[in-house]
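A.B. asks: I'd like to ask some things about the structure below.
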Amino acid sequence: MRVPLSWLAEYAAIGAAAADVQEVARRLTACGLEIESVEPVGHDISGVLIAEVLEVAELTEFRKPVRYCQVSTGDGVDRHVICGATNFTAGARVPLALPGAVLPGGFEIGARKTYGKVSEGMICSAAELAIGDDHSGILVLAADAPLGADFVEYAGLRDHVLDVNVTPDKGFAMSVRGIARELAIAYGVPYTDPADAGITADVGEVSADSYPASIEDPSGCDRFVLREVHGVDPAAATPLPMRVRLARSGQRCVSLAVDVTNYLMLELGQPMHAFDRDRLSGPIVVRRARPGEQLETLDHVLRTLDPEDILITDSSGPISLAGTMGGLATEVSESSRDLVIEAAHFSARGTARMSRRHRLFSEASARFERGVDPDLQLRASQRAAVLLAELGGGMVLPGCTHAFAPMPQITITMEADYPDRVAGTGYGLDTVRLRLGQVGCTIAESTAGQDADGHQARHEHHRHDTSATMLTVTPPSWRTDLTDPADLAEEVIRLEGYEKVPVRAARAAAGRGLTGRQRLRRSAGRSLADAGYVEVISSPFSAAADFDRLQLAADDARRRAVTVANPLSDDEPLMRTTLLPGLLRVLSRNLGRGFADVALFELGTVFRLGPQGARTAPILPVDRGPTAAELAELAAALPDQPLRVAAVLAGDRDLAGWWGQGRQAGWQDAIEAARTVLRVSRVPFEVGADQHEPWHPGRCAAVYVTAEAGRPRLAGHAGELHPRVISAFGLPARTCAMELDMSVIETAAGSLGPVQAPAISAFPVATQDVALVVARAVPASEVETALTAGAAGVADIALESVSLFDVYTGDQVGEGRKSLAYTLRFRADDRTLTADETTAARDAAVAEAARRTGAVLRDGSNSS
Amino acid sequence: MSAPNKAYDPVEVAALAPAAVDRMRADALAAIAAAADLDELKAARLAHAGDRAPITLANAEIGALPPAARAEAGKRVGTARSAIRAALASRQEELAAERDSRVLVEETVDVTLPWDRTPAGARHPVSSIADRLVDVFVGMGYEVAEGPEVEAEWYNFDALNFPPDHPAREMQDTFFVAGPKPAERSGVVLRTHTSPVQIRAMLTRPLPLYVVSPGKCYRSDALDATHSPVFHQIECLAVDEGLTMADLRGAISAFVEAMFGEGLRTRLRPDFFPFTEPSADVSMECHVCRGASTRPGGAPCRVCRSQGWIEIAGCGMVNPRVLVACGIDPDRYSGFAFGLGIERSLMIRHGVTDIRDTLEGDVRFSRAFGVEA
Ligand SMILES: [Zn+2]
């Protein structure tokens with residue numbers, strides 16, 4: 001909320017302290033009203049004097065109205081100025097910027113030749129003086145404006161506008177009334193409540209002659225006040241000081257009736273509405289909308305109403321969306337003379353729902369949804385009626401219409417030292433009483449066990465000390481946000497100042513450090529980074545088109561995506577079910593930016609609906625803890641959200657350089673990236689051939705980890721992408737990718753015990769090379785597994801490692817066959833192996849490979 | 001060769017004749033002197049001082065001499081051998097020095113040649129700074145708690161004391177997840193903050209609890225330099241008996257000092273969050289200028305925009321209503337929470353100026369941070 005400091009100072013007697021506006025901002029911020037900016041206004045205007053228009057000559061030779069006016073500031077010098085406005089006559093008093101004057105924005109006025117005349121200055125509009133947006137005419141001042149006086153002084157333009165960021169809990173601060181109260185407390189100076197200014201004793205007097213109204217649904221409105229003012233001059237001008245304040249608070253000047261209600265809304269926080277009495281028909285009823293009802297609101301939108309909408313109606317039907325926006329049909333017009341002023345208290349929740357439902361956010365709804373003082377309507381409407389009569393020459397009809405429903409009085413019982421216990425310091429009873437009193441609370445004291453009236457107290461915060469002083473606190477009507485002891489504690493603590501809260505050295509908690517899963521995620525990320533992959537965070541939003549690009553089948557589980565009801569872009573309404581599309585887009589972006597050799601990875605959550613699709617989660621109560629069944633219901637409504645890790649790569653994996661050629665990234669690298677992650681997990685795993693979108697059907701590996709009870713569980717896939725996928729994403733040929741489910745790996749890793757140290761033998765190694773010929777389709781991993789298993793059958797000799805050093809296909813091994821050459825390293829714990837022992841072990845390994853895979857020793861390779 | 005106790009004729013042991021010994025010695029010294037490099041010297045050593053060198057063989061004959069002759073012959077041969085050894089050592093030294101000064105110089109390479117044969121990898125700074133933030137809390141004894149990103153509204157709002165239709169709920173532009181019926185709300189959202197993890201921690205962990213939760217959050221803000229629909233937060237929660245705002249301040253200042261620098265002061269100012277009461281925003285003294293930019297004549301500071309303070313976090317005492325919604329007795333337990341944006345920390349600590357850089361995935365961005373931000 002924007003508010004001029006001078007307005008606040010009218011009710012908070014800060015006097016000369018207002019000169020240090022930065023300090024004002026600091027103190028308001030310190031007590032909870034964050035001042036986002038302090039804008040000096042009027043300080044940049046000089047040389048504007050009050051002048052009288054002596055003579056007006058119309059220059060008719062131009063296509064638009066141009067006036068050549070003789071003006072005087074009373075100094076005996078007659079000046080002439082050119083003016084394009086027509087909203088004045090000779091004799092009008094006007095603000096005149098003389099040559100040398102400066103207007104807001106550093107705009108300097110000089111004498112200049114225009115329309116064939118010399119214009120010695122300029123007659124200013126409100127907009128040119130930055131006190132409104134009215135460009136349509138010049139600002140015509142009151143007839144008694146002192147001739148020759150400095151306009152800035154006269155209009156009190158030098159001021160500061162504070163922009164207050166009002167948090168949603170502080171309805172009371174949506175007004176000069178509320179902010180000035182805080183300012184007075186911050187400076188410890190007297191405060192005058194503007195709600196009481198000029199209020200007469202008969203403020204609550206009801207008259208049967210006043211326009212009739214009733215409340216049909218008290219849950220939507222619990223107080224509704226009408227007052228009538230008759231004979232208001234529709235052409236009456238809003239006085240300059242009011243215009244200035246409205247403009248500085250960001251309100252447009254419209255008409256006297258609208259300006260007065262807006263002005264009082266800003267000052268008191270009570271939104272009000274003026275109806276044209278002649279356009280009302282029959283008694284007013286506040287009720288919910290009926291099916292099919294419609295209302296055209298002031299913004300010229302015809303709105304179909306919802307049965308939950310709170311309406312002000314007359315016998316013609318809806319005339320206003322309560323607390324949100326008035327209807328067009330009953331709007332005050334240029335001919336309205338008899339006005340009905342409405343001030344009401346509408347339900348905060350009802351107004352909030354209504355304004356969101358209709359996407360209609362007004363100054364009124366902003367206040368109602370934060371909470372308006374429910375005890376303000378009689379006074380606010382009286383001030384409006386009196387002001388309108390005074391300024392518009394009308395007459396206030398005595399008495400008012402006052403419909404209301406009984407409102408519960410909130411009292412809060414708390415132990416007097418509760419604020420002390422929240423803050424961790426000792427304020428003492430006097431301070432608590434002082435601060436709560438300052439914000440308007442009334443306080444009754446008792447000792448525990450009894451409330452202020454001597455009754456048995458039923459309070460929420462009883463402590464061990466039974467003789468504690470209890471406070472029964474009644475918050476003021478304007479503090480609808482104060483409902484709990486914690487709210488009261490906050491009032492004391494913030495007004496005493498957060499800087500007075502002591503600092504207590506942090507307690508050491510008995511934490512057990514990161515879990516295995518959490519450590520594994522870090523290790524996985526680090527190992528991929530160490531292997532040359534760059535971590536990125538890609539957009540988690542996706543679209544069905546992504547699944548098409550991935551060549552997913554219609555029934556692929558990855559198409560069961562979570563849909564966002566209100567996506568930022570209709571092109572991406574889904575949440576990702578795989579990390580790949582996002583990563584591939586980032587890859588493409590990097591390639592587009594001139595990076596040819598790119599390897600990326602991402603660790604992130606994906607979202608997958610079960611076969612039953614989206615579910616609805618209940619909204620549980622909050623006045624107690626949930627039951628296990630309720631929590632299970634919530635859990636069942638959420639999609640599966642596994643953490644996944646994916647990597648993509650294109651270009652060279654080993655770079656070209658002065659050392660020679662590079663090596664293009666291939667399927668092997670993608671599979672190795674998967675192995676890298678699995679190795680840090682220590683989970684046993686196997687790699688096997690698979691066909692799985694979006695991978696190349698002949699270059700796709702499935703990775704299985706050993707899960708509970710030794711069962712293999714699919715952890716993910718790796719390899720070269722399918723050429724169709726590559727072209728759908730616009731990527732270079734042979735782009736590769738891997739994606740693993742970290743949740744699966746983490747679970748498998750969770751059952752691993754600590755690493756057991758190996759026995760290190762100091763005896764020499766014995767090496768044997770073997771070349772085995774197998775069918776082309778036999779996976780190398782199976783041959784290796786068989787060799788290992790075969791050697792394991794030989795007692796006392798350990799096969800320390802098996803490494804594949806050559807893969808050969810060609811004439812020498814025959815069609816459909818390949819030769820795999822391995823180095824086997826044997827060692828014993830307790831002796832140097834003899835050649836015979838080593839050969840026997842080698843033969844056992846080869847025999848097992850022959851048995852399992854049909855491998856035969858390639859000619860000549862069996863000599864050691 | 002002859003056995004020591006064989007009968008002999010001294011004249012027949014010609015090798016031990018003075019002239020022969022002298023010749024062996026002269027030959028050896030000449031060969032040593034002629035060795036042009038360490039390899040030739042090695043050959044000379046073998047030829048003239050090795051097991052089969054003439055002087056070595058002659059030495060072995062000494063035992064065959066009659067005792068009277070042994071001493072003299074022994075002395076002669078010994079002198080020759082030590083002269084050869086000395087010459088070898090000295091030539092060895094000379095040649096080694098020469099090698100050092102010549103050959104090693106010739107083998108000089110350009111050690112500045114690059115060898116970056118694999119492109120450099122890196123972690124995303126959001127990950128590495130999140131780890132760092134987490135480590136600070138873990139060091140204070142907190143444990144890491146986690147929760148889902150697609151979250152039930154009850155966890156994200158209701159249990160955190162955001163009443164239905166309250167404007168506080170609208171402060172966070174929420175992505176709603178579509179339910180089974182298009183017209184009805186599903187009660188599921190993309191979490192707007194990490195605070196629902198607080199609720200999950202309170203419902204599942206024993207008290208007292210001290211947890212920290214980093215994670216991804218979503219708000220329906222269009223992407224620009226300072227807003228992103230996807231961002232990361234980290235927040236901590238402590239629930240214990242007798243916790244006060246003084247404990248909150250203590251935890252905050254310990255955190256700020258660990259993360260941003262020793263002795264940095266912190267400041268709380270009132271703010272509003274439905275799940276804490278009282279609530280505050282946390283500012284810390286600017287870690288770059290330490291307030292110097294606000295003093296007369298001080299150089300302007302880009303990091304704090306010469307304000308001297310930098311807003312880093314929101315915090316407060318856990319609202320007793322939140323404890324109640326989690327089934328915790330607010331008369332016995334109290335708690336505090338504070339949270340900060342990880343991207344915001346990147347902006348403060350690492351001078352990131354455009355939040356889009358964190359999401360675009362340009363390899364230059366992550367690479368600049370390496371593996372440890
Ligand atoms: Zn600074």
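By convention in this document, the chains of the structure tokens carry letters A, B, ... by their order, each chain's residues are numbered from 1, and ligands are numbered from 1 in the order they are shown.
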Using only C-alpha atoms and all ligand atoms, which residues of the polymer chains come no farther than 12 Å from ligand 1? I'd like the answer as a list in words.

C.D. replies: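 Protein and nucleic-acid residues within 12 Å of ligand 1: Leu264, Met284, Glu285, Cys286, His287, Val288, Cys289, Arg290, Gly291, Ala292, Ser293, Thr294, Arg295, Gly298, Ala299, Pro300, Cys301, Arg302, Val303, Cys304, Arg305, Ser306, Gln307, Gly308, Trp309, Ile310, Glu311, Ile348 and Arg349 of chain B.
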
A.B. asks: Print the selection's residues with N, CA and C atoms to a file, as an mmCIF file, in the first residue's frame.

C.D. replies:
```cif
data_model
loop_
_atom_site.group_PDB
_atom_site.id
_atom_site.type_symbol
_atom_site.label_atom_id
_atom_site.label_comp_id
_atom_site.auth_asym_id
_atom_site.auth_seq_id
_atom_site.Cartn_x
_atom_site.Cartn_y
_atom_site.Cartn_z
ATOM 1 N N LEU B 264 30.118 -12.629 10.964
ATOM 2 C CA LEU B 264 29.082 -11.854 10.275
ATOM 3 C C LEU B 264 27.853 -11.769 11.165
ATOM 4 N N MET B 284 21.847 -10.837 6.702
ATOM 5 C CA MET B 284 23.172 -10.920 7.293
ATOM 6 C C MET B 284 23.975 -9.718 6.827
ATOM 7 N N GLU B 285 24.932 -9.376 7.633
ATOM 8 C CA GLU B 285 25.848 -8.322 7.260
ATOM 9 C C GLU B 285 26.488 -8.718 5.924
ATOM 10 N N CYS B 286 26.663 -7.751 5.039
ATOM 11 C CA CYS B 286 27.240 -8.070 3.733
ATOM 12 C C CYS B 286 28.626 -8.681 3.931
ATOM 13 N N HIS B 287 28.815 -9.897 3.359
ATOM 14 C CA HIS B 287 30.079 -10.590 3.574
ATOM 15 C C HIS B 287 31.194 -9.998 2.737
ATOM 16 N N VAL B 288 30.843 -9.116 1.796
ATOM 17 C CA VAL B 288 31.871 -8.512 0.948
ATOM 18 C C VAL B 288 32.366 -7.201 1.552
ATOM 19 N N CYS B 289 31.425 -6.282 1.812
ATOM 20 C CA CYS B 289 31.876 -4.968 2.301
ATOM 21 C C CYS B 289 31.742 -4.855 3.819
ATOM 22 N N ARG B 290 31.045 -5.786 4.427
ATOM 23 C CA ARG B 290 30.786 -5.762 5.867
ATOM 24 C C ARG B 290 30.271 -4.397 6.322
ATOM 25 N N GLY B 291 29.443 -3.816 5.474
ATOM 26 C CA GLY B 291 28.808 -2.564 5.863
ATOM 27 C C GLY B 291 29.583 -1.325 5.473
ATOM 28 N N ALA B 292 30.799 -1.508 4.968
ATOM 29 C CA ALA B 292 31.624 -0.331 4.642
ATOM 30 C C ALA B 292 30.959 0.548 3.590
ATOM 31 N N SER B 293 30.171 -0.088 2.703
ATOM 32 C CA SER B 293 29.576 0.688 1.617
ATOM 33 C C SER B 293 28.526 1.664 2.125
ATOM 34 N N THR B 294 28.038 1.463 3.326
ATOM 35 C CA THR B 294 26.997 2.360 3.830
ATOM 36 C C THR B 294 27.585 3.549 4.573
ATOM 37 N N ARG B 295 28.874 3.466 4.865
ATOM 38 C CA ARG B 295 29.470 4.561 5.627
ATOM 39 C C ARG B 295 29.917 5.682 4.681
ATOM 40 N N GLY B 298 32.432 5.397 1.733
ATOM 41 C CA GLY B 298 32.679 3.990 1.437
ATOM 42 C C GLY B 298 32.454 3.688 -0.043
ATOM 43 N N ALA B 299 33.249 2.761 -0.565
ATOM 44 C CA ALA B 299 33.071 2.384 -1.970
ATOM 45 C C ALA B 299 31.743 1.660 -2.129
ATOM 46 N N PRO B 300 31.043 1.914 -3.220
ATOM 47 C CA PRO B 300 29.764 1.218 -3.411
ATOM 48 C C PRO B 300 29.955 -0.295 -3.516
ATOM 49 N N CYS B 301 28.960 -1.047 -3.027
ATOM 50 C CA CYS B 301 29.064 -2.508 -3.019
ATOM 51 C C CYS B 301 27.952 -3.080 -3.891
ATOM 52 N N ARG B 302 28.357 -3.881 -4.862
ATOM 53 C CA ARG B 302 27.406 -4.474 -5.784
ATOM 54 C C ARG B 302 26.586 -5.576 -5.113
ATOM 55 N N VAL B 303 27.234 -6.277 -4.200
ATOM 56 C CA VAL B 303 26.605 -7.464 -3.619
ATOM 57 C C VAL B 303 25.397 -7.088 -2.760
ATOM 58 N N CYS B 304 25.568 -6.062 -1.918
ATOM 59 C CA CYS B 304 24.447 -5.662 -1.049
ATOM 60 C C CYS B 304 23.781 -4.397 -1.567
ATOM 61 N N ARG B 305 24.138 -3.965 -2.742
ATOM 62 C CA ARG B 305 23.654 -2.709 -3.314
ATOM 63 C C ARG B 305 23.842 -1.569 -2.308
ATOM 64 N N SER B 306 24.983 -1.637 -1.622
ATOM 65 C CA SER B 306 25.373 -0.623 -0.645
ATOM 66 C C SER B 306 24.342 -0.455 0.471
ATOM 67 N N GLN B 307 23.658 -1.548 0.781
ATOM 68 C CA GLN B 307 22.729 -1.526 1.914
ATOM 69 C C GLN B 307 23.411 -2.020 3.188
ATOM 70 N N GLY B 308 24.513 -2.744 3.027
ATOM 71 C CA GLY B 308 25.212 -3.267 4.196
ATOM 72 C C GLY B 308 24.642 -4.584 4.687
ATOM 73 N N TRP B 309 23.386 -4.858 4.324
ATOM 74 C CA TRP B 309 22.730 -6.100 4.758
ATOM 75 C C TRP B 309 22.204 -6.834 3.537
ATOM 76 N N ILE B 310 22.165 -8.127 3.629
ATOM 77 C CA ILE B 310 21.647 -8.946 2.543
ATOM 78 C C ILE B 310 20.577 -9.865 3.119
ATOM 79 N N GLU B 311 19.402 -9.823 2.509
ATOM 80 C CA GLU B 311 18.326 -10.697 2.975
ATOM 81 C C GLU B 311 18.625 -12.109 2.486
ATOM 82 N N ILE B 348 24.157 -14.690 -3.979
ATOM 83 C CA ILE B 348 24.902 -13.951 -2.960
ATOM 84 C C ILE B 348 26.363 -14.376 -2.936
ATOM 85 N N ARG B 349 26.574 -15.686 -2.934
ATOM 86 C CA ARG B 349 27.918 -16.183 -2.670
ATOM 87 C C ARG B 349 28.769 -16.234 -3.934
#
```

A.B. asks: Extract, using only C-alpha atoms, all DNA, RNA and protein residues at most 10 Å from range 38-45 of chain B, discarding same-chain residues fewer than 4 positions from it, and format them as a ChimeraX atom specification.

C.D. replies: /B:28-34,49-51,53,84-85,88-89,91-96,98-99

A.B. asks: Can you list, as a VMD selection string, every residue of range 195-400 of chain A that DSSP puts in helix (DSSP H, G or I)?

C.D. replies: chain A and resid 195 to 196 201 to 204 240 to 248 256 to 268 277 to 279 348 to 357 363 to 370 377 to 392

A.B. asks: Go through A:Ala508, A:Ala149, A:Leu8, A:Val38 one by one, measure the shortest atom-to-atom distance of each to chain B using only C-alpha atoms, and give the residue with the smallest value.

C.D. replies: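 Looking only at the distances to chain B, the closest residue turns out to be A:Ala508.
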
A.B. asks: Within 7 Å of Gly371 in chain A, counting only C-alpha atoms, which residues qualify if same-chain residues fewer than 5 places away don't, as a list in words?

C.D. replies: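 The residues satisfying every condition are Gly171, Ala348 and Thr480 of chain A.
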
A.B. asks: Would you work out the distance separating CA of Val144 in chain B from CA of Ser195 in chain B, expressed in Å to one decimal?

C.D. replies: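 Value for the CA of Val144 in chain B-CA of Ser195 in chain B distance: 13.2 Å.
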
A.B. asks: Near Trp695 in chain A, counting only C-alpha atoms, which residues have an atom at most 7 Å away, once you skip same-chain residues fewer than 6 positions from it, shown as a PyMOL selection string?

C.D. replies: chain A and resi 719-722

A.B. asks: Deliver the residues from the most recent selection as a file, using N, CA and C atoms, as an mmCIF file, in the first residue's frame.

C.D. replies:
```
data_model
loop_
_atom_site.group_PDB
_atom_site.id
_atom_site.type_symbol
_atom_site.label_atom_id
_atom_site.label_comp_id
_atom_site.auth_asym_id
_atom_site.auth_seq_id
_atom_site.Cartn_x
_atom_site.Cartn_y
_atom_site.Cartn_z
ATOM 1 N N GLY A 719 23.155 -47.042 -23.944
ATOM 2 C CA GLY A 719 23.604 -47.401 -25.280
ATOM 3 C C GLY A 719 23.449 -46.237 -26.243
ATOM 4 N N GLU A 720 23.405 -46.620 -27.515
ATOM 5 C CA GLU A 720 23.243 -45.605 -28.543
ATOM 6 C C GLU A 720 21.758 -45.397 -28.785
ATOM 7 N N LEU A 721 21.356 -44.140 -29.032
ATOM 8 C CA LEU A 721 19.939 -43.871 -29.252
ATOM 9 C C LEU A 721 19.519 -44.338 -30.643
ATOM 10 N N HIS A 722 18.230 -44.616 -30.755
ATOM 11 C CA HIS A 722 17.648 -45.008 -32.031
ATOM 12 C C HIS A 722 17.776 -43.839 -33.019
#
```

A.B. asks: Write down as number ranges by chain the residues of range 777-854 of chain A whose backbone DSSP state falls under strand (DSSP E).

C.D. replies: A: 798-808, 817-827

A.B. asks: Take the residues that were just selected and, keeping C-alpha atoms, output them as a PDB file, in the first residue's frame.

C.D. replies:
```pdb
ATOM      1  CA  ALA A 798      42.645 -67.405  -6.953  1.00  0.00           C
ATOM      2  CA  LEU A 799      41.829 -66.007 -10.379  1.00  0.00           C
ATOM      3  CA  GLU A 800      42.794 -62.461  -9.566  1.00  0.00           C
ATOM      4  CA  SER A 801      41.549 -60.846 -12.748  1.00  0.00           C
ATOM      5  CA  VAL A 802      40.258 -61.578 -16.222  1.00  0.00           C
ATOM      6  CA  SER A 803      40.859 -58.968 -18.850  1.00  0.00           C
ATOM      7  CA  LEU A 804      39.718 -59.028 -22.424  1.00  0.00           C
ATOM      8  CA  PHE A 805      42.525 -57.741 -24.594  1.00  0.00           C
ATOM      9  CA  ASP A 806      41.335 -58.617 -28.062  1.00  0.00           C
ATOM     10  CA  VAL A 807      38.124 -59.198 -29.943  1.00  0.00           C
ATOM     11  CA  TYR A 808      38.551 -60.634 -33.443  1.00  0.00           C
ATOM     12  CA  ARG A 817      32.089 -66.640 -34.888  1.00  0.00           C
ATOM     13  CA  LYS A 818      34.390 -64.420 -32.940  1.00  0.00           C
ATOM     14  CA  SER A 819      37.549 -64.795 -30.953  1.00  0.00           C
ATOM     15  CA  LEU A 820      37.862 -63.315 -27.500  1.00  0.00           C
ATOM     16  CA  ALA A 821      41.378 -63.149 -26.072  1.00  0.00           C
ATOM     17  CA  TYR A 822      41.759 -62.927 -22.324  1.00  0.00           C
ATOM     18  CA  THR A 823      44.605 -62.522 -19.909  1.00  0.00           C
ATOM     19  CA  LEU A 824      44.025 -64.533 -16.762  1.00  0.00           C
ATOM     20  CA  ARG A 825      46.040 -63.634 -13.676  1.00  0.00           C
ATOM     21  CA  PHE A 826      46.357 -66.325 -11.020  1.00  0.00           C
ATOM     22  CA  ARG A 827      47.842 -66.089  -7.580  1.00  0.00           C
TER      23      ARG A 827
END
```

A.B. asks: Set the distance at 7 Å and use only C-alpha atoms: which residues neighbour range 704-718 of chain A once local chain neighbours fewer than 5 positions away are removed? I'd like the list as a PyMOL selection string.

C.D. replies: chain A and resi 670-671+674+683-687+737-741+744-745+748

A.B. asks: List as a tab-separated table every residue of range 78-161 of chain B that is in contact with range 625-645 of chain A, defined as an atom at most 12 Å from one of its atoms (using only C-alpha atoms), together with the nearest atom pair and the distance in Å rounded to one decimal, sorted by chain and then rising number.

C.D. replies:
```
residue	atom	partner	partner_atom	distance
B:Glu146	CA	A:Leu643	CA	11.8
B:Gly147	CA	A:Gln641	CA	9.9
B:Pro148	CA	A:Gln641	CA	6.9
B:Glu149	CA	A:Gln641	CA	7.9
B:Val150	CA	A:Leu638	CA	6.8
B:Glu151	CA	A:Leu638	CA	6.8
B:Ala152	CA	A:Leu634	CA	6.5
B:Glu153	CA	A:Leu634	CA	9.4
B:Trp154	CA	A:Leu634	CA	8.5
B:Tyr155	CA	A:Leu634	CA	9.2
B:Asn156	CA	A:Leu634	CA	11.9
B:Asp158	CA	A:Pro626	CA	12.0
B:Ala159	CA	A:Gly625	CA	9.2
```

A.B. asks: With only C-alpha atoms as the basis for distance, which of A:Tyr154, A:Phe62, A:Phe88, A:Trp658 is at the shortest distance from chain B?

C.D. replies: A:Trp658

A.B. asks: Write out as a list in words each polymer residue whose atoms come within 7 Å of Asp240 in chain B, counting only C-alpha atoms; drop sequence neighbours fewer than 3 positions from it.

C.D. replies: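 Here the answer would be Leu207, Pro208, Leu209, Leu243, Tyr333, Ser334 and Gly335 of chain B.
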